[in-house]
$ cat input-v2.txt   # compact mmCIF, C-alpha atoms
# COMPACT_ATOMS: atom_id res chain seq x y z
CA MET A 1 59.92 82.22 67.71
CA SER A 2 61.71 80.32 64.98
CA LEU A 3 62.98 76.77 65.57
CA MET A 4 66.53 77.98 65.13
CA LEU A 5 66.15 80.63 67.83
CA ARG A 6 64.60 78.06 70.16
CA ILE A 7 67.52 75.69 69.66
CA LEU A 8 69.90 78.58 70.26
CA CYS A 9 68.10 79.50 73.49
CA VAL A 10 68.07 75.93 74.78
CA SER A 11 71.74 75.38 74.07
CA GLY A 12 72.65 78.84 75.41
CA SER A 13 70.78 78.08 78.59
CA LEU A 14 72.37 74.66 79.02
CA VAL A 15 75.86 76.01 78.37
CA THR A 16 75.22 78.75 80.95
CA LEU A 17 74.14 76.20 83.55
CA LEU A 18 77.25 74.12 82.88
CA PHE A 19 79.43 77.21 83.03
CA ILE A 20 77.96 78.25 86.40
CA THR A 21 78.39 74.77 87.82
CA SER A 22 82.00 74.59 86.77
CA ASN A 23 82.67 78.02 88.31
CA ILE A 24 81.19 76.87 91.59
CA ARG A 25 83.33 73.74 91.44
CA ARG A 26 86.44 75.83 90.87
CA ARG A 27 85.45 78.21 93.70
CA LYS A 28 85.20 81.23 91.45
CA VAL A 29 81.72 82.26 92.56
CA GLN A 30 79.64 81.73 95.68
CA ILE A 31 76.35 79.86 95.45
CA GLU A 32 74.51 82.94 96.69
CA ASP A 33 75.81 84.96 93.74
CA SER A 34 74.95 82.23 91.26
CA ILE A 35 71.21 82.29 92.04
CA PHE A 36 70.55 85.10 89.55
CA TRP A 37 72.33 83.30 86.71
CA VAL A 38 70.66 79.95 87.39
CA LEU A 39 67.23 81.60 87.41
CA LEU A 40 67.99 83.47 84.19
CA ALA A 41 69.20 80.32 82.44
CA VAL A 42 66.17 78.35 83.61
CA ALA A 43 63.80 81.13 82.48
CA LEU A 44 65.41 81.13 79.06
CA LEU A 45 65.07 77.35 78.89
CA VAL A 46 61.37 77.52 79.80
CA VAL A 47 60.67 80.15 77.15
CA ALA A 48 62.54 78.12 74.52
CA VAL A 49 60.69 74.92 75.37
CA PHE A 50 57.28 76.63 75.64
CA PRO A 51 57.44 79.45 73.08
CA GLY A 52 53.70 80.05 73.61
CA ILE A 53 54.62 82.12 76.70
CA ALA A 54 56.61 84.56 74.60
CA SER A 55 53.99 84.66 71.86
CA VAL A 56 51.11 85.47 74.20
CA ALA A 57 53.14 88.08 76.10
CA SER A 58 54.36 89.78 72.93
CA GLN A 59 50.81 89.97 71.54
CA LEU A 60 49.49 91.41 74.78
CA LEU A 61 52.25 94.03 74.92
CA GLY A 62 52.22 94.87 71.21
CA PHE A 63 55.59 93.44 70.15
CA GLN A 64 55.88 92.53 66.46
CA ALA A 65 57.63 89.24 67.15
CA PRO A 66 58.08 87.02 70.23
CA SER A 67 61.85 87.14 69.68
CA ASN A 68 61.81 90.93 70.13
CA PHE A 69 59.97 90.49 73.39
CA VAL A 70 62.56 87.99 74.63
CA PHE A 71 65.42 90.31 73.67
CA VAL A 72 63.90 93.34 75.39
CA VAL A 73 63.20 91.44 78.58
CA VAL A 74 66.69 89.93 78.68
CA ILE A 75 68.34 93.31 78.06
CA ALA A 76 66.27 94.97 80.79
CA ILE A 77 67.12 92.23 83.28
CA LEU A 78 70.82 92.46 82.42
CA LEU A 79 70.87 96.25 82.82
CA ALA A 80 69.23 95.95 86.22
CA LYS A 81 71.79 93.33 87.21
CA LEU A 82 74.63 95.51 85.97
CA PHE A 83 73.47 98.42 88.08
CA SER A 84 73.10 96.26 91.13
CA LEU A 85 76.72 95.20 90.60
CA SER A 86 77.70 98.90 90.60
CA THR A 87 75.98 99.42 93.94
CA GLU A 88 77.73 96.33 95.26
CA VAL A 89 81.12 97.61 94.07
CA SER A 90 80.44 100.99 95.73
CA SER A 91 79.53 99.31 98.97
CA LEU A 92 82.59 97.05 98.83
CA LYS A 93 84.86 100.04 98.13
CA HIS A 94 83.36 101.88 101.08
CA ARG A 95 83.77 98.96 103.44
CA LEU A 96 87.29 98.21 102.23
CA ASN A 97 88.29 101.84 102.83
CA GLU A 98 86.73 101.75 106.29
CA LEU A 99 88.76 98.66 107.13
CA ALA A 100 92.00 100.18 105.85
CA GLN A 101 91.31 103.40 107.77
CA GLU A 102 90.58 101.59 111.04
CA GLU A 103 93.70 99.47 110.64
CA ALA A 104 95.82 102.58 110.03
CA LEU A 105 94.35 104.51 112.97
CA LEU A 106 94.66 101.53 115.34
CA SER A 107 98.32 100.88 114.61
CA GLN A 108 99.08 104.59 114.97
CA GLU A 109 97.40 104.59 118.38
CA GLU A 110 99.30 101.49 119.41
CA GLU A 111 102.60 103.05 118.39
CA GLU A 112 101.76 106.22 120.28
CA ASN A 113 100.95 104.21 123.40
CA ASN A 114 104.16 102.21 123.09
CA SER A 115 106.36 105.28 122.78
CA ALA A 116 104.50 106.94 125.68
CA ARG A 117 105.19 103.91 127.86
CA GLN A 118 108.87 103.93 126.94
CA ALA A 119 109.24 107.64 127.68
CA MET B 1 90.97 126.44 119.18
CA LYS B 2 92.51 123.00 118.60
CA ILE B 3 93.43 122.72 114.93
CA LEU B 4 94.59 119.67 112.99
CA ALA B 5 96.27 119.96 109.59
CA ILE B 6 95.53 116.83 107.58
CA ILE B 7 98.27 116.12 105.04
CA PRO B 8 97.27 113.37 102.61
CA ALA B 9 100.42 111.90 101.09
CA TYR B 10 100.62 109.44 98.24
CA ASN B 11 104.20 109.01 97.01
CA GLU B 12 105.32 112.41 98.27
CA GLU B 13 108.88 111.55 99.33
CA GLU B 14 110.27 114.57 97.46
CA CYS B 15 108.66 117.39 99.41
CA LEU B 16 106.86 115.92 102.39
CA GLU B 17 109.70 116.64 104.79
CA ALA B 18 110.08 120.29 103.72
CA THR B 19 106.29 120.77 103.94
CA VAL B 20 106.05 119.34 107.46
CA ARG B 21 109.15 121.21 108.67
CA ASN B 22 107.74 124.46 107.34
CA LEU B 23 104.41 123.78 109.03
CA GLU B 24 106.05 122.94 112.36
CA ALA B 25 108.21 126.06 112.24
CA THR B 26 105.47 128.46 111.15
CA CYS B 27 102.58 127.14 113.24
CA PRO B 28 103.93 125.40 116.34
CA THR B 29 100.48 125.37 117.95
CA VAL B 30 98.82 123.60 115.02
CA ASP B 31 98.90 119.79 115.16
CA TYR B 32 99.30 117.86 111.95
CA LEU B 33 98.72 114.32 110.76
CA VAL B 34 100.32 112.86 107.66
CA VAL B 35 98.00 110.30 106.06
CA ASN B 36 100.23 108.00 104.06
CA ASP B 37 97.77 106.57 101.55
CA GLY B 38 99.55 103.33 100.69
CA SER B 39 102.59 105.03 99.15
CA THR B 40 105.04 102.82 97.30
CA ASP B 41 107.98 105.19 97.69
CA ARG B 42 109.85 106.24 100.85
CA THR B 43 107.00 108.35 102.29
CA ARG B 44 106.54 105.96 105.22
CA GLU B 45 110.26 105.71 106.03
CA ILE B 46 110.61 109.49 105.96
CA CYS B 47 107.76 109.89 108.46
CA GLU B 48 109.10 107.19 110.77
CA GLN B 49 112.72 108.37 110.71
CA ARG B 50 111.82 112.02 111.29
CA GLY B 51 109.19 111.17 113.89
CA PHE B 52 106.31 112.83 112.03
CA ARG B 53 102.86 112.01 113.32
CA CYS B 54 101.60 109.71 110.63
CA VAL B 55 99.00 107.02 109.91
CA ASN B 56 99.79 104.43 107.26
CA LEU B 57 96.95 103.03 105.18
CA PRO B 58 97.79 99.48 104.12
CA ILE B 59 96.47 100.10 100.58
CA ASN B 60 96.01 103.11 98.31
CA THR B 61 92.42 104.19 98.90
CA GLY B 62 92.27 107.58 97.16
CA LEU B 63 92.26 111.20 98.32
CA SER B 64 88.73 111.21 99.76
CA SER B 65 89.33 108.17 101.90
CA GLY B 66 92.75 109.40 102.97
CA PHE B 67 91.21 112.68 104.04
CA GLN B 68 88.41 110.81 105.82
CA THR B 69 91.07 108.94 107.81
CA GLY B 70 92.36 112.30 108.99
CA MET B 71 88.83 113.42 109.89
CA LYS B 72 88.31 110.26 111.96
CA TYR B 73 91.53 111.02 113.81
CA ALA B 74 90.39 114.62 114.34
CA GLU B 75 87.01 113.48 115.67
CA ARG B 76 88.50 110.93 118.07
CA HIS B 77 91.02 113.43 119.42
CA GLY B 78 88.53 116.25 119.89
CA TYR B 79 89.78 118.82 117.40
CA ASP B 80 87.73 121.98 116.84
CA ALA B 81 88.82 122.44 113.25
CA ALA B 82 90.65 120.51 110.56
CA VAL B 83 92.39 121.91 107.52
CA GLN B 84 93.23 120.15 104.25
CA PHE B 85 96.90 120.74 103.61
CA ASP B 86 98.79 119.54 100.54
CA ALA B 87 102.02 117.60 100.99
CA ASP B 88 103.57 119.06 97.84
CA GLY B 89 104.32 122.49 99.29
CA GLN B 90 101.59 124.42 97.44
CA HIS B 91 99.87 125.52 100.63
CA LEU B 92 101.50 128.01 102.99
CA PRO B 93 101.07 127.37 106.71
CA GLN B 94 100.95 131.07 107.65
CA TYR B 95 97.37 131.14 106.34
CA ILE B 96 96.16 128.53 108.83
CA PRO B 97 95.83 131.02 111.74
CA VAL B 98 94.19 133.51 109.37
CA MET B 99 91.66 130.88 108.35
CA ALA B 100 91.04 129.91 111.97
CA GLN B 101 90.41 133.52 112.86
CA ALA B 102 87.97 133.89 109.96
CA MET B 103 86.19 130.74 111.12
CA GLU B 104 85.78 132.04 114.67
CA GLN B 105 84.76 135.56 113.68
CA ASN B 106 82.11 134.41 111.20
CA ASP B 107 81.11 131.23 113.01
CA ALA B 108 81.79 129.60 109.65
CA ALA B 109 81.47 125.91 108.81
CA VAL B 110 84.10 126.11 106.09
CA VAL B 111 86.91 128.56 105.34
CA VAL B 112 88.51 128.39 101.90
CA ALA B 113 91.93 129.85 101.07
CA SER B 114 91.16 131.70 97.85
CA ARG B 115 93.81 132.41 95.22
CA THR B 116 91.29 134.50 93.32
CA LEU B 117 90.85 136.93 96.23
CA ALA B 118 94.63 137.29 96.29
CA ASN B 119 94.54 138.16 92.58
CA GLU B 120 96.18 134.88 91.69
CA ALA B 121 93.25 133.19 90.01
CA PRO B 122 94.26 129.98 88.28
CA THR B 123 94.74 130.51 84.55
CA GLY B 124 94.44 128.41 81.40
CA ALA B 125 92.45 125.19 81.38
CA ARG B 126 92.60 124.97 85.14
CA GLY B 127 91.19 128.47 85.44
CA ALA B 128 88.39 127.65 82.99
CA GLY B 129 87.43 124.57 85.00
CA SER B 130 87.49 126.57 88.20
CA LYS B 131 85.31 129.32 86.70
CA LEU B 132 82.82 126.74 85.41
CA ILE B 133 82.50 125.11 88.84
CA SER B 134 82.19 128.51 90.47
CA ALA B 135 79.39 129.45 88.06
CA LEU B 136 77.56 126.16 88.67
CA ILE B 137 77.68 126.73 92.42
CA ARG B 138 76.46 130.30 91.91
CA ILE B 139 73.53 129.17 89.77
CA THR B 140 72.46 126.25 91.94
CA THR B 141 72.98 127.75 95.39
CA GLY B 142 73.14 131.51 94.89
CA LYS B 143 76.42 131.62 96.82
CA ARG B 144 79.63 133.02 95.42
CA ILE B 145 82.74 130.93 95.95
CA THR B 146 85.62 132.54 94.11
CA ASP B 147 88.06 129.63 94.31
CA PRO B 148 86.12 126.37 94.64
CA THR B 149 89.04 124.22 93.48
CA SER B 150 91.42 125.55 96.11
CA GLY B 151 92.64 122.49 98.00
CA MET B 152 93.21 124.39 101.23
CA ARG B 153 89.98 124.35 103.22
CA MET B 154 89.24 124.42 106.93
CA TYR B 155 86.21 122.63 108.38
CA ASN B 156 84.58 123.07 111.80
CA ALA B 157 83.88 120.37 114.39
CA GLN B 158 80.42 119.60 113.05
CA LEU B 159 81.85 118.92 109.59
CA ILE B 160 84.69 116.87 111.05
CA ARG B 161 81.99 114.54 112.39
CA GLU B 162 80.15 114.47 109.08
CA PHE B 163 83.27 113.68 107.08
CA ALA B 164 84.32 111.04 109.58
CA HIS B 165 81.04 109.16 109.16
CA GLY B 166 80.27 110.07 105.53
CA PHE B 167 79.65 107.57 102.75
CA ASP B 168 80.68 109.65 99.75
CA LEU B 169 81.71 113.06 101.09
CA THR B 170 84.64 114.33 99.07
CA PRO B 171 86.94 117.15 100.15
CA GLU B 172 86.07 118.77 96.80
CA PRO B 173 83.93 121.58 95.34
CA ASP B 174 80.75 119.52 95.11
CA THR B 175 80.70 119.21 98.89
CA LEU B 176 81.13 122.99 99.13
CA ALA B 177 78.08 123.36 96.89
CA MET B 178 76.06 120.96 99.02
CA LEU B 179 77.02 122.81 102.20
CA ALA B 180 76.24 126.18 100.62
CA ARG B 181 72.81 124.97 99.58
CA ARG B 182 72.21 123.68 103.10
CA GLY B 183 72.81 127.21 104.34
CA GLU B 184 76.18 126.66 106.01
CA THR B 185 78.45 129.69 106.24
CA ILE B 186 81.37 129.42 103.84
CA VAL B 187 84.00 132.15 104.11
CA GLU B 188 86.98 132.79 101.88
CA VAL B 189 90.24 134.45 102.81
CA PRO B 190 92.77 135.69 100.24
CA ALA B 191 95.79 133.41 100.09
CA HIS B 192 98.91 133.12 98.02
CA MET B 193 99.90 129.64 96.89
CA GLU B 194 103.18 128.24 95.63
CA GLU B 195 103.73 126.02 92.64
CA ARG B 196 103.98 122.37 93.63
CA GLN B 197 107.52 121.77 94.83
CA GLY B 198 107.89 118.18 93.68
CA GLY B 199 106.14 114.87 93.28
CA GLU B 200 103.73 114.00 90.54
CA SER B 201 100.57 115.89 89.70
CA TYR B 202 97.26 114.09 89.35
CA LEU B 203 96.47 116.36 86.44
CA ASN B 204 96.37 113.98 83.50
CA LEU B 205 93.55 114.03 80.99
CA PRO B 206 91.54 110.98 82.12
CA HIS B 207 91.72 112.24 85.69
CA ILE B 208 90.59 115.74 84.72
CA VAL B 209 87.67 114.39 82.68
CA ARG B 210 86.54 112.15 85.52
CA TYR B 211 86.97 114.93 88.08
CA MET B 212 84.96 117.44 86.05
CA ALA B 213 82.27 114.86 85.23
CA ARG B 214 81.90 113.87 88.85
CA THR B 215 81.90 117.46 90.12
CA CYS B 216 79.41 118.78 87.56
CA LEU B 217 77.08 115.79 87.93
CA SER B 218 77.18 116.09 91.69
CA ILE B 219 76.50 119.83 91.71
CA LEU B 220 73.88 119.88 88.93
CA MET B 221 71.97 116.72 89.68
CA PHE B 222 72.65 114.83 92.87
CA GLN B 223 73.07 117.61 95.42
CA TRP B 224 69.30 118.09 95.50
CA PHE B 225 68.72 114.54 96.61
CA ARG B 226 71.62 113.70 98.90
CA LYS B 227 71.00 113.20 102.58

$ encode --input "input-v2.txt" --output "C-alpha cells"
Amino acid sequence: MSLMLRILCVSGSLVTLLFITSNIRRRKVQIEDSIFWVLLAVALLVVAVFPGIASVASQLLGFQAPSNFVFVVVIAILLAKLFSLSTEVSSLKHRLNELAQEEALLSQEEEENNSARQA
Amino acid sequence: MKILAIIPAYNEEECLEATVRNLEATCPTVDYLVVNDGSTDRTREICEQRGFRCVNLPINTGLSSGFQTGMKYAERHGYDAAVQFDADGQHLPQYIPVMAQAMEQNDAAVVVASRTLANEAPTGARGAGSKLISALIRITTGKRITDPTSGMRMYNAQLIREFAHGFDLTPEPDTLAMLARRGETIVEVPAHMEERQGGESYLNLPHIVRYMARTCLSILMFQWFRK
C-alpha cells in the first residue's frame, strides 16, 4: 500500500467518522443504524495505520497488490450492506401498507357501526 | 355463495359511479367494496355522497396492497369468494355469477374471465406480452391459461385467507403460475370486456417494463422457492 493511499484511507476514515457524528447530532440517523458505518471507518483506519494486515492477507489470498485486496473487500461489504437496505425497505413497505390497511378497515367499521346505531 | 367484488380505485372519479351502479343493478346479490387507494381526486367524495361501501387508505399503497385490503375485509366478513373488479368499466358484472358457477362446479381455487376464450384476445404489444406470460406458465407448470393478464379473477375462501395474510402476493399472473404449480384448480370462462371508460391507464413504458420484468422473474425463477 503506497503512502499516498494510506493517507487517503486515514483521511477518508476520519471524514466519515466526523460525518456520522454530525448526522447523529442533527438527528438524521439513529445510533443503531450508524454502527455499520463506524465499524467500517474504524476498519479502514486500522488497515491504513497497519498496512501489514492488508499485505499479509493479499499474499495469502493471491492478490497482486494490497490495495486491490482492500478495494475488493470494501466493495463486497458495501454490496452486502446495499442488499440489506433493500430487505429493510421491503419490510418497511410491507409494514407501512399493513398500517394503512388496518387504519382504512377500522374507520370503515366505525362508520358502519355509527350509521347502524343511527338507523 | 357469499361473493365480494373488490374494486380498487386510484383516481377513478370519471367512471367509478357508473361501474358501481352497473354492478348493483346487474348483480344485486353480490356485495362490493371500493378500495380507495389514497386517491387525490374526488373518488372519496363520490363514494361518500352516493353511499358506496368504501374503505379509504390514507396513502397510495399500490394495486397489490389495495387488493389485499379488500381480501382482509372479505376474510373478516366471511365471504366465500372474492372477485377482482376494475373501476374503469372494463369488466362486466354479468360474468360474476358465471364465474361463481364455474368455481362451484369445478371446486376451483381461481376462476379467470378469459378474453381469449371469447375470441377477443388482446392484440398488439399487449397481446404479445400476454402470449409470452401464457407460454412461460405453460412451460413452467404445464397448465394452459389462455388469458393470464385478464384483471377479472375470482378467488375462493382459502385464497382469500392467503391474500389477506400474504407478504408479496400480487393479484397478477405470477400468482396464477404459483397456484398452478401448487396443483390448485384454475378454470377460465369466456368473457367479453369493454374498453376502459375513463380515467388514466397505468400502461406507460416504465410501468410495462417493470411489470414484465417482475412477472417473468417471478414465474421463471422465484416461484420454485416461494413458501

$ interface_residues --input "input-v2.txt" --of "chain A" --to "chain B" --cutoff "8 Å" --atoms "all atoms listed in the file" --output "ChimeraX atom specification"
/A:94,97,100-101,103-105,107-108

$ residues_near_point --input "input-v2.txt" --point "(105.2, 108.1, 94.2)" --cutoff "10 Å" --atoms "only C-alpha atoms" --output "ChimeraX atom specification"
/B:9-14,38-43,199-200

$ atom_distance --input "input-v2.txt" --atom1 "atom CA of Leu16 of chain B" --atom2 "atom CA of Ala87 of chain B"
5.3 Å

$ atom_distance --input "input-v2.txt" --atom1 "atom CA of Leu106 of chain A" --atom2 "atom CA of Arg44 of chain B"
16.2 Å

$ axis_aligned_box --input "input-v2.txt" --around "segment 38-54 of chain A" --padding-each-side "3 Å" --output "lines of an AutoDock Vina configuration file"
center_x = 62.2
center_y = 79.7
center_z = 80.2
size_x = 23.0
size_y = 15.6
size_z = 20.3

$ atom_distance --input "input-v2.txt" --atom1 "atom CA of Pro171 of chain B" --atom2 "atom CA of Glu45 of chain B"
26.6 Å

$ closest_residue --input "input-v2.txt" --among "A:Val73, A:Lys81, A:Phe19, A:Leu99" --to "Ala57 of chain A" --atoms "only C-alpha atoms"
A:Val73

$ residues_around --input "input-v2.txt" --residues "Lys2 of chain B" --least-positions-apart "5" --cutoff "9 Å" --atoms "only C-alpha atoms" --output "list in words"
Thr29, Val30, Asp31, Gly78, Tyr79, Asp80, Ala81 and Ala82 of chain B

$ residues_around --input "input-v2.txt" --residues "Thr185 of chain B" --least-positions-apart "2" --cutoff "12 Å" --atoms "only C-alpha atoms" --output "ChimeraX atom specification"
/B:102-112,143-145,155-156,159,176-183,187-188

$ residues_near_point --input "input-v2.txt" --point "(101.7, 125.3, 106.8)" --cutoff "7 Å" --atoms "only C-alpha atoms" --output "PyMOL selection string"
chain B and resi 22-23+26-27+91-94+96

$ closest_residue --input "input-v2.txt" --among "A:Gln59, A:Ser11, A:Ser84, A:Gln30" --to "Val42 of chain A" --atoms "all atoms listed in the file"
A:Ser11

$ decode --input "input-v2.txt" --residues "segment 26-109 of chain A" --atoms "C-alpha atoms" --output "short mmCIF file (atom, residue, chain, number, x, y, z; two decimals), in the first residue's frame"
data_model
loop_
_atom_site.label_atom_id
_atom_site.label_comp_id
_atom_site.auth_asym_id
_atom_site.auth_seq_id
_atom_site.Cartn_x
_atom_site.Cartn_y
_atom_site.Cartn_z
CA ARG A 26 -28.60 16.67 13.58
CA ARG A 27 -30.90 13.68 14.20
CA LYS A 28 -30.61 12.37 10.67
CA VAL A 29 -29.65 8.83 11.64
CA GLN A 30 -30.19 6.65 14.69
CA ILE A 31 -27.20 5.38 16.63
CA GLU A 32 -28.25 1.80 15.89
CA ASP A 33 -28.01 2.46 12.15
CA SER A 34 -24.64 4.18 12.48
CA ILE A 35 -22.89 1.12 13.94
CA PHE A 36 -22.10 -0.30 10.50
CA TRP A 37 -20.53 2.95 9.28
CA VAL A 38 -18.47 3.48 12.43
CA LEU A 39 -17.11 -0.07 12.22
CA LEU A 40 -16.29 0.36 8.53
CA ALA A 41 -14.49 3.66 9.12
CA VAL A 42 -12.53 2.21 12.04
CA ALA A 43 -11.58 -0.88 9.99
CA LEU A 44 -10.31 1.35 7.21
CA LEU A 45 -8.33 3.39 9.72
CA VAL A 46 -6.73 0.25 11.19
CA VAL A 47 -5.73 -1.03 7.75
CA ALA A 48 -4.26 2.35 6.81
CA VAL A 49 -2.27 2.61 10.03
CA PHE A 50 -1.11 -1.03 9.95
CA PRO A 51 -0.77 -1.82 6.23
CA GLY A 52 0.90 -5.12 7.15
CA ILE A 53 -2.59 -6.59 7.66
CA ALA A 54 -3.53 -5.93 4.05
CA SER A 55 -0.17 -7.13 2.76
CA VAL A 56 -0.30 -10.46 4.57
CA ALA A 57 -3.93 -11.05 3.61
CA SER A 58 -3.35 -10.20 -0.04
CA GLN A 59 -0.36 -12.55 -0.22
CA LEU A 60 -2.30 -15.36 1.39
CA LEU A 61 -5.24 -14.90 -0.98
CA GLY A 62 -3.17 -14.30 -4.12
CA PHE A 63 -3.90 -10.62 -4.75
CA GLN A 64 -1.27 -8.76 -6.77
CA ALA A 65 -1.34 -5.71 -4.52
CA PRO A 66 -2.65 -4.97 -1.01
CA SER A 67 -4.65 -2.07 -2.44
CA ASN A 68 -6.59 -4.48 -4.67
CA PHE A 69 -7.40 -6.57 -1.63
CA VAL A 70 -8.70 -3.52 0.24
CA PHE A 71 -10.86 -2.47 -2.72
CA VAL A 72 -12.39 -5.92 -3.18
CA VAL A 73 -13.21 -6.27 0.49
CA VAL A 74 -14.75 -2.79 0.69
CA ILE A 75 -16.84 -3.37 -2.44
CA ALA A 76 -18.09 -6.73 -1.13
CA ILE A 77 -19.04 -5.22 2.23
CA LEU A 78 -20.85 -2.33 0.53
CA LEU A 79 -22.81 -4.66 -1.76
CA ALA A 80 -23.90 -6.73 1.22
CA LYS A 81 -24.96 -3.55 3.01
CA LEU A 82 -26.86 -2.35 -0.04
CA PHE A 83 -28.81 -5.57 -0.24
CA SER A 84 -29.63 -5.49 3.43
CA LEU A 85 -31.03 -1.99 2.84
CA SER A 86 -33.26 -3.45 0.10
CA THR A 87 -34.63 -6.04 2.51
CA GLU A 88 -35.20 -3.30 5.06
CA VAL A 89 -37.06 -1.17 2.50
CA SER A 90 -39.23 -4.18 1.56
CA SER A 91 -40.05 -4.84 5.17
CA LEU A 92 -40.84 -1.17 5.81
CA LYS A 93 -43.09 -1.03 2.73
CA HIS A 94 -44.91 -4.12 3.92
CA ARG A 95 -45.42 -2.79 7.42
CA LEU A 96 -46.46 0.64 6.18
CA ASN A 97 -49.06 -0.94 3.90
CA GLU A 98 -50.34 -3.09 6.76
CA LEU A 99 -50.77 0.01 8.91
CA ALA A 100 -52.59 1.91 6.17
CA GLN A 101 -54.85 -1.09 5.51
CA GLU A 102 -55.74 -1.54 9.18
CA GLU A 103 -56.45 2.17 9.53
CA ALA A 104 -58.72 2.10 6.47
CA LEU A 105 -60.60 -1.03 7.59
CA LEU A 106 -61.02 0.26 11.16
CA SER A 107 -62.50 3.60 10.15
CA GLN A 108 -64.85 1.86 7.71
CA GLU A 109 -66.05 -0.41 10.51
#
